[in-house]
Amino acid sequence: MDTRAPGTRKTDPSYNVLHQQPARLPLDVLFAPRSVAVVGATERPGSVGRTVLWNLISNPFGGTVYPINPKRPNVLGIKAWPSLAALPERVDLAVVVTPAQAVPGVIQECAALGIRGAIILSAGFKEIGEEGERLEREILRIAQDAKLRIIGPNCLGVMRPPSGFNATFAGAMARPGNVAFISQSGALLTSILDWSLREAVGFSAFVSVGSMLDVGWGDLIDFLADDPMTRSILLYMESIGDARAFLSAAREVALTKPIIVIKAGRTAQAAQAAASHTGSLTGSDEVLSAAFRRTGVLRVDSIADLFYMAETLARQPRPAGRRLTVLTNAGGPGVLATDALVMGGGELAVLGTQTRQALDAFLPPQWSHGNPVDILGDADPERYAKALEATSRDAASDGLLVILTPQDMTEPTQTADRLKAFSKLHGKPVLASWMGGSEVAAGERILNDAGIPTFGYPDTAARIFNYMWRYTYNLAGLYETPSLARGVDAARDEARQWVDAARAAGRTLLTEFESKKLLAAYGIPTVETRLAVTEDAAVAEAAALGYPVVVKLHSLTVTHKTDVGGVRLNLPDAEAVRGAFRDIRARLEALEQGSAFDGVTVQPMVRLDGYELIVGSSVDAQFGPVLLFGAGGTLVEVFRDRALGLPPLNTTLARRMMEQTRIYEALKGVRGRPPVDLTALEMLMVRFSQLVVEQRFVKEVDINPLLASPERLLALDARVVLHPASMTEAELPRLTITPYPTQYVAPFLLRDGEEILLRPIRPEDEPRMAEFHRTLSEQTVFLRYAGLMQLSTRVAHERLSRICFNDYAREMALVAEREDGELLGVGRLTRLRGTRDAEFAILISDQVQRQGLGAEMLKRLVAIGRDWGMERIVADILSGNRAMQTISRKLGFSILQHEELSPDMVKAVKVL
């Protein structure tokens with residue numbers, strides 16, 4: 001059906017915009033070009049231009065290759081062209097190997113001709129200093145204006161082994177496979193390539209990104225997410241580039257395709273070397289690890305582990321937890337595996353009674369009767385198989401490691417053949433360590449072919465298991481339903497007053513008194529603090545509070561009071577208060593800081609019957625505001641028992657931060673002491689993260705110590721540092737993770753007069769979303785999902801968690817909420833990867849249909865699309881869903897029929 005108005009031509013621009021189908025993804029031109037020009041192609045032996053051209057023509061990828069060389073009629077027997085403009089067609093991709101100074105001119109020519117992609121192999125850019133940075137800025141400006149995507153500069157290039165595309169100057173072509181490997185080091189890439197050819201490891205993509213002028217980690221992860229040839233993504237990273245884009249892409253993709261990273265620059269010396277190599281700043285390694293945990297990315301420590309994990313995750317399921325059962329025919333290797341397991345955070349599974357009884361039935365009496373399960377050196381294939389079967393049934397075990405040492409009576413090959421039947425245990429990985437050389441080689445091949453990864457040493461296998469359960473742990477944190485964080489709607493305006501007053505006075509440091517007021521506005525309990533500028537006032541405040549008291553320096557300029565002797569504890573009477581007042585003032589005068597004395601604060605002396613914690617925030621150069629939790633007190637820098645995280649937090653993420661610290665075990669209760677109220681501590685962390693998100697002019701916050709006891713949580717001291725008063729809001733460091741978008745919270749009046757609230761969805765909404773789906777009729781479900789969906793499927797945690805956990809930079813789900821919390825509808829807007837389109841979907845409860853809610857939902861989603869800078873908003877709608885079509889038309893959508901769609905579907909399209 002042609003829905004054009006009479007007389008409308010397909011050449012009409014408005015028609016074309018409406019009817020256009022999603023174009024090839026922007027990075028397709030870099031991975032699957034139909035034509036390639038090599039700018040700087042030459043025949044000079046050993047040159048990059050010769051090698052790249054030869055790789056392109058000797059590995060047919062189905063496209064045309066054009067050498068560009070103004071001084072030669074042909075290169076390697078192929079007709080050469082003097083310039084891109086002289087080519088008989090517009091190419092998809094330009095591979096640039098000219099000197100750095102000539103590259104801006106080449107990119108300008110690409111832009112003028114409408115070429116959409118370029119791979120710049122040339123070096124001599126920001127890695128050499130200021131002149132190189134200037135060239136990069138010029139290139140990027142040209143490329144962004146022309147919507148031209150660039151990989152590089154200073155890179156090896158791009159390989160696409162399954163298609164035969166090789167736009168690199170490597171010495172060979174990688175084997176095809178299902179692992180994508182992306183590296184910031186071209187030299188490392190060539191080394192891995194050489195290794196992979198020997199080990200018969202294949203790749204779906206082999207990419208050197210260089211200094212990432214344009215295309216970065218996030219772009220590549222998004223592209224590979226939709227690539228059917230890629231099952232896992234491996235990254236060698238020296239700098240993260242656009243942190244927000246990386247984390248956003250990684251969080252979305254990690255659940256379906258493992259993203260495994262090795263990050264160079266963990267030490268200060270290595271970070272400096274990485275910076276000189278790539279010309280990029282490397283941020284705090286500790287912050288980066290926290291970011292990886294937050295997004296489900298698995299970080300490993302060695303190149304070998306990078307490939308071990310890719311292989312293992314492709315062959316075996318992830319373990320549900322950290323408990324491993326070790327099965328061995330020798331004690332020593334079992335001990336080595338145990339050490340590696342426990343030191344890496346894993347645990348030995350405790351054998352259940354039924355498991356021990358089953359093993360007793362057939363093992364010799366001398367077996368270990370525990371885990372590791374030592375089945376003795378004379379174990380034959382049948383004993384191995386029966387022991388593995390028995391231990392695999394134990395519910396207290398999350399995975400199994402089978403160790404074989406080649407003793408005189410051992411049969412490595414036959415044992416492997418007998419164990420291959422256990423390669424597909426449901427939900428439990430099976431790993432093997434066949435120790436030895438040629439004697440065990442055949443057995444290793446049998447196990448590997450069956451899908452059981454083998455390792456030469458048992459401690460290596462245990463380390464890989466630790467990586468596996470950590471990966472499960474990280475992913476679970478992404479979609480674990482948090483408890484509802486109550487009382488986080490803080491008094492933002494009251495808190496902002498303290499910040500604004502200090503900024504207006506030109507100060508960057510809040511006093512302790514002001515800092516505690518700021519915390520109190522967000523519901524964080526603080527010890528009562530009173531100001532006194534004279535001795536008499538200090539004594540009067542102390543009497544009012546009751547002795548003993550604490551007297552501290554009150555200063556508008558001194559940051560750390562203890563460093564200048566500005567804290568006096570446990571003062572029992574008025575005379576002690578007077579003495580403390582005088583001593584603190586005299587101490588500052590002796591340090592020639594007398595002008596910094598602005599009085600004292602008086603506080604009740606709180607008995608430290610609990611744990612001293614620290615909660616804080618500071619700014620990282622790459623990730624912006626970062627949160628800290630750990631053991632506090634005066635020795636905080638000595639013990640360094642801390643965990644970092646990125647705001648905003650919910651209760652689940654807050655608990656995950658606590659679990660990273662050693663003091664967490666004490667907080668749960670130890671040596672007969674009752675536990676701290678961890679739920680209240682979670683809520684405090686959530687409120688604190690909200691302060692960091694909302695009060696953007698706050699640069700640093702320290703609550704140290706935060707007293708945590710079973711009875712209470714209390715901030716005893718606080719320090720807040722602001723960004724300079726000269727900074728504007730636009731100049732402040734960006735939050736890496738988009739916070740909850742409160743700007744889209746607004747009421748709506750249904751036609752029957754009931755007022756409801758429309759707001760963005762939260763992770764905590766999952767239980768209510770399940771209840772909402774139970775209210776829907778089959779007809780409503782059919783119209784929304786273009787088919788019936790069982791209730792059990794609609795309310796499954798795996799599905800609803802993905803609906804409720806939104807990356808607000810990529811998708812926005814609005815829910816309609818009654819005053820009692822009941823959900824009445826949900827509308828979703830999702831960016832379509834690689835396009836400027838967003839897709840909407842709306843589902844309204846039967847009880848409030850025809851009340852104007854659907855139209856209001858769509859109206860607000862369109863406004864969000866405009867805020868995002870989208871070009872079009874689209875949706876596929878069932879032909880029979882007349883109500884949704886009517887609403888769409890009223891809001892300016894065109895309803896179109898496309899040949900690509902099912903006859904039962906129409907497409908709603910609105911150009912913004």
# chains A, B, ... in the order shown; residues from 1 in each chain; ligands from 1
call {"tool": "select_by_dssp", "arguments": {"residues": "region 301-388 of chain A", "states": "alpha helix (DSSP H)", "output": "ChimeraX atom specification"}}
result
/A:303-315,331-343,353-360,381-388
call {"tool": "write_last_selection", "arguments": {"atoms": "C-alpha atoms", "output": "PDB file, in the first residue's frame"}}
result
ATOM      1  CA  ILE A 303      47.477 -11.644  27.804  1.00  0.00           C
ATOM      2  CA  ALA A 304      47.289 -15.402  28.339  1.00  0.00           C
ATOM      3  CA  ASP A 305      44.260 -14.989  30.630  1.00  0.00           C
ATOM      4  CA  LEU A 306      42.574 -12.804  28.014  1.00  0.00           C
ATOM      5  CA  PHE A 307      42.454 -15.719  25.596  1.00  0.00           C
ATOM      6  CA  TYR A 308      41.923 -18.368  28.265  1.00  0.00           C
ATOM      7  CA  MET A 309      38.760 -16.552  29.335  1.00  0.00           C
ATOM      8  CA  ALA A 310      37.476 -16.082  25.796  1.00  0.00           C
ATOM      9  CA  GLU A 311      37.894 -19.793  25.164  1.00  0.00           C
ATOM     10  CA  THR A 312      36.455 -20.883  28.505  1.00  0.00           C
ATOM     11  CA  LEU A 313      33.377 -18.658  28.404  1.00  0.00           C
ATOM     12  CA  ALA A 314      32.673 -19.836  24.868  1.00  0.00           C
ATOM     13  CA  ARG A 315      32.741 -23.483  25.954  1.00  0.00           C
ATOM     14  CA  GLY A 331      47.684 -34.334  46.638  1.00  0.00           C
ATOM     15  CA  GLY A 332      50.237 -31.689  45.666  1.00  0.00           C
ATOM     16  CA  PRO A 333      48.445 -30.334  42.572  1.00  0.00           C
ATOM     17  CA  GLY A 334      45.209 -30.202  44.563  1.00  0.00           C
ATOM     18  CA  VAL A 335      46.927 -28.051  47.187  1.00  0.00           C
ATOM     19  CA  LEU A 336      48.313 -25.722  44.509  1.00  0.00           C
ATOM     20  CA  ALA A 337      44.844 -25.320  43.023  1.00  0.00           C
ATOM     21  CA  THR A 338      43.398 -24.613  46.475  1.00  0.00           C
ATOM     22  CA  ASP A 339      45.962 -21.919  47.223  1.00  0.00           C
ATOM     23  CA  ALA A 340      45.295 -20.152  43.923  1.00  0.00           C
ATOM     24  CA  LEU A 341      41.539 -20.460  44.404  1.00  0.00           C
ATOM     25  CA  VAL A 342      41.398 -19.076  47.946  1.00  0.00           C
ATOM     26  CA  MET A 343      43.993 -16.337  47.378  1.00  0.00           C
ATOM     27  CA  THR A 353      26.710 -35.828  53.268  1.00  0.00           C
ATOM     28  CA  GLN A 354      25.152 -37.548  50.249  1.00  0.00           C
ATOM     29  CA  THR A 355      28.195 -36.751  48.115  1.00  0.00           C
ATOM     30  CA  ARG A 356      30.618 -38.159  50.692  1.00  0.00           C
ATOM     31  CA  GLN A 357      28.509 -41.297  51.027  1.00  0.00           C
ATOM     32  CA  ALA A 358      28.407 -41.734  47.265  1.00  0.00           C
ATOM     33  CA  LEU A 359      32.199 -41.408  47.051  1.00  0.00           C
ATOM     34  CA  ASP A 360      32.706 -43.807  49.985  1.00  0.00           C
ATOM     35  CA  PRO A 381      39.142 -43.849  33.904  1.00  0.00           C
ATOM     36  CA  GLU A 382      36.093 -45.418  35.515  1.00  0.00           C
ATOM     37  CA  ARG A 383      37.002 -44.112  38.988  1.00  0.00           C
ATOM     38  CA  TYR A 384      37.493 -40.620  37.546  1.00  0.00           C
ATOM     39  CA  ALA A 385      34.127 -40.732  35.792  1.00  0.00           C
ATOM     40  CA  LYS A 386      32.185 -41.981  38.817  1.00  0.00           C
ATOM     41  CA  ALA A 387      33.845 -39.406  41.087  1.00  0.00           C
ATOM     42  CA  LEU A 388      33.076 -36.577  38.685  1.00  0.00           C
TER      43      LEU A 388
END
call {"tool": "residues_around", "arguments": {"residues": "Gln847 (chain A)", "least_positions_apart": "6", "cutoff": "9 Å", "atoms": "only C-alpha atoms", "output": "list in words"}}
result
Thr775, Leu776 and Leu824 of chain A
call {"tool": "closest_residue", "arguments": {"among": "A:Phe597, A:Gln144, A:Ala715, A:Met212", "to": "Gly632 (chain A)", "atoms": "only C-alpha atoms"}}
result
A:Ala715
call {"tool": "closest_residue", "arguments": {"among": "A:Leu404, A:Ile120, A:Leu27, A:Leu843", "to": "Gly436 (chain A)", "atoms": "only C-alpha atoms"}}
result
A:Leu404
call {"tool": "residues_around", "arguments": {"residues": "Phe292 (chain A)", "least_positions_apart": "6", "cutoff": "10 Å", "atoms": "only C-alpha atoms", "output": "list in words"}}
result
Phe246, Leu247, Ala250, Arg251, Ile259, Ile260, Val261, Leu298, Arg299, Asn474 and Gly645 of chain A
call {"tool": "closest_residue", "arguments": {"among": "A:Phe169, A:Ser689, A:Asp222, A:Val745", "to": "Arg831 (chain A)", "atoms": "only C-alpha atoms"}}
result
A:Asp222
call {"tool": "residues_around", "arguments": {"residues": "region 628-631 of chain A", "least_positions_apart": "6", "cutoff": "9 Å", "atoms": "only C-alpha atoms", "output": "list in words"}}
result
Tyr611, Glu612, Leu613, Ile614, Val615, Gly616, Ser617, Ser618, Phe639, Arg640, Asp641, Arg642, Ala643, Leu644, Gly645, Leu646, Met657, Met658, Gln660, Thr661, Arg662, Ile663, Tyr664, Met685, Asp702 and Pro705 of chain A
call {"tool": "write_last_selection", "arguments": {"atoms": "C-alpha atoms", "output": "compact mmCIF listing (two decimals), in the first residue's frame"}}
result
# COMPACT_ATOMS: atom_id res chain seq x y z
CA TYR A 611 33.43 1.07 63.64
CA GLU A 612 35.02 4.11 62.08
CA LEU A 613 34.21 4.30 58.38
CA ILE A 614 34.95 6.77 55.63
CA VAL A 615 32.51 7.81 52.92
CA GLY A 616 33.78 10.25 50.35
CA SER A 617 33.84 11.59 46.84
CA SER A 618 36.46 13.15 44.59
CA PHE A 639 45.36 0.69 55.83
CA ARG A 640 43.79 1.71 52.50
CA ASP A 641 40.87 -0.66 53.01
CA ARG A 642 38.51 0.95 50.56
CA ALA A 643 36.31 0.47 47.52
CA LEU A 644 35.48 2.92 44.75
CA GLY A 645 32.30 3.28 42.75
CA LEU A 646 30.61 5.56 40.27
CA MET A 657 30.78 -1.35 47.18
CA MET A 658 30.77 -2.44 50.82
CA GLN A 660 34.71 -5.02 48.19
CA THR A 661 36.23 -4.06 51.58
CA ARG A 662 37.69 -6.13 54.42
CA ILE A 663 35.82 -4.17 57.08
CA TYR A 664 32.54 -5.38 55.57
CA MET A 685 25.31 5.59 50.65
CA ASP A 702 34.93 13.37 53.17
CA PRO A 705 34.89 9.16 60.64
call {"tool": "select_by_dssp", "arguments": {"residues": "region 643-816 of chain A", "states": "strand (DSSP E or B)", "output": "PDB file with N, CA and C atoms, in the first residue's frame"}}
result
ATOM      1  N   ALA A 643      36.877   0.827  48.821  1.00  0.00           N
ATOM      2  CA  ALA A 643      36.314   0.470  47.523  1.00  0.00           C
ATOM      3  C   ALA A 643      35.831   1.745  46.853  1.00  0.00           C
ATOM      4  N   LEU A 644      35.938   1.770  45.533  1.00  0.00           N
ATOM      5  CA  LEU A 644      35.482   2.918  44.753  1.00  0.00           C
ATOM      6  C   LEU A 644      34.280   2.519  43.913  1.00  0.00           C
ATOM      7  N   GLY A 645      33.461   3.506  43.602  1.00  0.00           N
ATOM      8  CA  GLY A 645      32.296   3.278  42.749  1.00  0.00           C
ATOM      9  C   GLY A 645      31.920   4.556  42.037  1.00  0.00           C
ATOM     10  N   VAL A 698      30.147  20.753  44.140  1.00  0.00           N
ATOM     11  CA  VAL A 698      30.939  20.087  45.172  1.00  0.00           C
ATOM     12  C   VAL A 698      32.015  19.252  44.482  1.00  0.00           C
ATOM     13  N   LYS A 699      33.262  19.517  44.822  1.00  0.00           N
ATOM     14  CA  LYS A 699      34.381  18.811  44.194  1.00  0.00           C
ATOM     15  C   LYS A 699      34.813  17.599  45.011  1.00  0.00           C
ATOM     16  N   GLU A 700      34.913  17.777  46.324  1.00  0.00           N
ATOM     17  CA  GLU A 700      35.329  16.687  47.201  1.00  0.00           C
ATOM     18  C   GLU A 700      34.476  16.685  48.457  1.00  0.00           C
ATOM     19  N   VAL A 701      34.203  15.483  48.964  1.00  0.00           N
ATOM     20  CA  VAL A 701      33.508  15.325  50.240  1.00  0.00           C
ATOM     21  C   VAL A 701      34.190  14.201  51.003  1.00  0.00           C
ATOM     22  N   ASP A 702      34.446  14.422  52.274  1.00  0.00           N
ATOM     23  CA  ASP A 702      34.935  13.370  53.169  1.00  0.00           C
ATOM     24  C   ASP A 702      34.047  13.340  54.403  1.00  0.00           C
ATOM     25  N   ILE A 703      33.470  12.197  54.698  1.00  0.00           N
ATOM     26  CA  ILE A 703      32.863  11.953  56.012  1.00  0.00           C
ATOM     27  C   ILE A 703      33.804  10.982  56.706  1.00  0.00           C
ATOM     28  N   ASN A 704      34.595  11.494  57.628  1.00  0.00           N
ATOM     29  CA  ASN A 704      35.595  10.661  58.285  1.00  0.00           C
ATOM     30  C   ASN A 704      35.890  11.217  59.683  1.00  0.00           C
ATOM     31  N   PRO A 705      35.502  10.486  60.734  1.00  0.00           N
ATOM     32  CA  PRO A 705      34.893   9.161  60.640  1.00  0.00           C
ATOM     33  C   PRO A 705      33.365   9.215  60.574  1.00  0.00           C
ATOM     34  N   LEU A 706      32.812   8.193  59.936  1.00  0.00           N
ATOM     35  CA  LEU A 706      31.391   7.896  60.039  1.00  0.00           C
ATOM     36  C   LEU A 706      31.280   6.763  61.047  1.00  0.00           C
ATOM     37  N   LEU A 707      30.703   7.056  62.192  1.00  0.00           N
ATOM     38  CA  LEU A 707      30.585   6.043  63.231  1.00  0.00           C
ATOM     39  C   LEU A 707      29.448   5.089  62.873  1.00  0.00           C
ATOM     40  N   ALA A 708      29.760   3.784  62.810  1.00  0.00           N
ATOM     41  CA  ALA A 708      28.764   2.769  62.489  1.00  0.00           C
ATOM     42  C   ALA A 708      28.697   1.762  63.612  1.00  0.00           C
ATOM     43  N   LEU A 713      24.125   5.286  62.935  1.00  0.00           N
ATOM     44  CA  LEU A 713      25.144   5.777  62.019  1.00  0.00           C
ATOM     45  C   LEU A 713      25.260   7.264  62.276  1.00  0.00           C
ATOM     46  N   LEU A 714      26.492   7.776  62.402  1.00  0.00           N
ATOM     47  CA  LEU A 714      26.646   9.173  62.772  1.00  0.00           C
ATOM     48  C   LEU A 714      27.918   9.735  62.161  1.00  0.00           C
ATOM     49  N   ALA A 715      27.766  10.816  61.391  1.00  0.00           N
ATOM     50  CA  ALA A 715      28.926  11.503  60.813  1.00  0.00           C
ATOM     51  C   ALA A 715      29.539  12.383  61.884  1.00  0.00           C
ATOM     52  N   ALA A 718      33.232  16.104  58.916  1.00  0.00           N
ATOM     53  CA  ALA A 718      32.949  16.219  57.485  1.00  0.00           C
ATOM     54  C   ALA A 718      33.781  17.343  56.887  1.00  0.00           C
ATOM     55  N   ARG A 719      34.165  17.147  55.654  1.00  0.00           N
ATOM     56  CA  ARG A 719      34.957  18.139  54.923  1.00  0.00           C
ATOM     57  C   ARG A 719      34.431  18.213  53.496  1.00  0.00           C
ATOM     58  N   VAL A 720      34.134  19.415  53.030  1.00  0.00           N
ATOM     59  CA  VAL A 720      33.603  19.610  51.678  1.00  0.00           C
ATOM     60  C   VAL A 720      34.432  20.673  50.970  1.00  0.00           C
ATOM     61  N   VAL A 721      34.927  20.337  49.794  1.00  0.00           N
ATOM     62  CA  VAL A 721      35.678  21.266  48.952  1.00  0.00           C
ATOM     63  C   VAL A 721      34.872  21.530  47.693  1.00  0.00           C
ATOM     64  N   LEU A 722      34.803  22.793  47.285  1.00  0.00           N
ATOM     65  CA  LEU A 722      34.026  23.181  46.102  1.00  0.00           C
ATOM     66  C   LEU A 722      34.950  23.429  44.917  1.00  0.00           C
ATOM     67  N   ALA A 746       6.652  14.438  36.084  1.00  0.00           N
ATOM     68  CA  ALA A 746       5.591  15.454  36.063  1.00  0.00           C
ATOM     69  C   ALA A 746       4.236  14.766  36.184  1.00  0.00           C
ATOM     70  N   PRO A 747       3.258  15.433  36.826  1.00  0.00           N
ATOM     71  CA  PRO A 747       1.927  14.832  36.980  1.00  0.00           C
ATOM     72  C   PRO A 747       1.127  14.888  35.679  1.00  0.00           C
ATOM     73  N   PHE A 748       0.052  14.105  35.648  1.00  0.00           N
ATOM     74  CA  PHE A 748      -0.875  14.119  34.512  1.00  0.00           C
ATOM     75  C   PHE A 748      -2.270  13.809  35.034  1.00  0.00           C
ATOM     76  N   LEU A 749      -3.262  14.490  34.455  1.00  0.00           N
ATOM     77  CA  LEU A 749      -4.651  14.317  34.867  1.00  0.00           C
ATOM     78  C   LEU A 749      -5.377  13.453  33.846  1.00  0.00           C
ATOM     79  N   GLU A 755      -5.460  12.230  39.257  1.00  0.00           N
ATOM     80  CA  GLU A 755      -4.108  12.701  38.978  1.00  0.00           C
ATOM     81  C   GLU A 755      -3.115  11.574  39.221  1.00  0.00           C
ATOM     82  N   ILE A 756      -2.275  11.327  38.232  1.00  0.00           N
ATOM     83  CA  ILE A 756      -1.231  10.313  38.348  1.00  0.00           C
ATOM     84  C   ILE A 756       0.120  10.971  38.076  1.00  0.00           C
ATOM     85  N   LEU A 757       1.180  10.210  38.289  1.00  0.00           N
ATOM     86  CA  LEU A 757       2.526  10.737  38.068  1.00  0.00           C
ATOM     87  C   LEU A 757       3.185   9.971  36.929  1.00  0.00           C
ATOM     88  N   LEU A 758       3.731  10.700  35.983  1.00  0.00           N
ATOM     89  CA  LEU A 758       4.560  10.094  34.941  1.00  0.00           C
ATOM     90  C   LEU A 758       6.018  10.387  35.280  1.00  0.00           C
ATOM     91  N   ARG A 759       6.822   9.340  35.303  1.00  0.00           N
ATOM     92  CA  ARG A 759       8.226   9.482  35.687  1.00  0.00           C
ATOM     93  C   ARG A 759       9.047   8.398  35.013  1.00  0.00           C
ATOM     94  N   PRO A 760      10.374   8.625  34.886  1.00  0.00           N
ATOM     95  CA  PRO A 760      11.241   7.564  34.376  1.00  0.00           C
ATOM     96  C   PRO A 760      11.255   6.355  35.308  1.00  0.00           C
ATOM     97  N   GLU A 811      18.174   4.736  26.534  1.00  0.00           N
ATOM     98  CA  GLU A 811      16.747   4.431  26.476  1.00  0.00           C
ATOM     99  C   GLU A 811      16.046   5.072  27.660  1.00  0.00           C
ATOM    100  N   MET A 812      14.778   5.344  27.473  1.00  0.00           N
ATOM    101  CA  MET A 812      14.007   6.001  28.517  1.00  0.00           C
ATOM    102  C   MET A 812      12.633   5.343  28.576  1.00  0.00           C
ATOM    103  N   ALA A 813      12.340   4.746  29.715  1.00  0.00           N
ATOM    104  CA  ALA A 813      11.020   4.184  29.940  1.00  0.00           C
ATOM    105  C   ALA A 813      10.298   5.064  30.951  1.00  0.00           C
ATOM    106  N   LEU A 814       9.133   5.569  30.577  1.00  0.00           N
ATOM    107  CA  LEU A 814       8.291   6.331  31.490  1.00  0.00           C
ATOM    108  C   LEU A 814       7.202   5.419  32.025  1.00  0.00           C
ATOM    109  N   VAL A 815       6.968   5.476  33.322  1.00  0.00           N
ATOM    110  CA  VAL A 815       5.869   4.720  33.904  1.00  0.00           C
ATOM    111  C   VAL A 815       4.820   5.698  34.423  1.00  0.00           C
ATOM    112  N   ALA A 816       3.566   5.256  34.386  1.00  0.00           N
ATOM    113  CA  ALA A 816       2.454   6.015  34.955  1.00  0.00           C
ATOM    114  C   ALA A 816       2.120   5.397  36.308  1.00  0.00           C
TER     115      ALA A 816
END
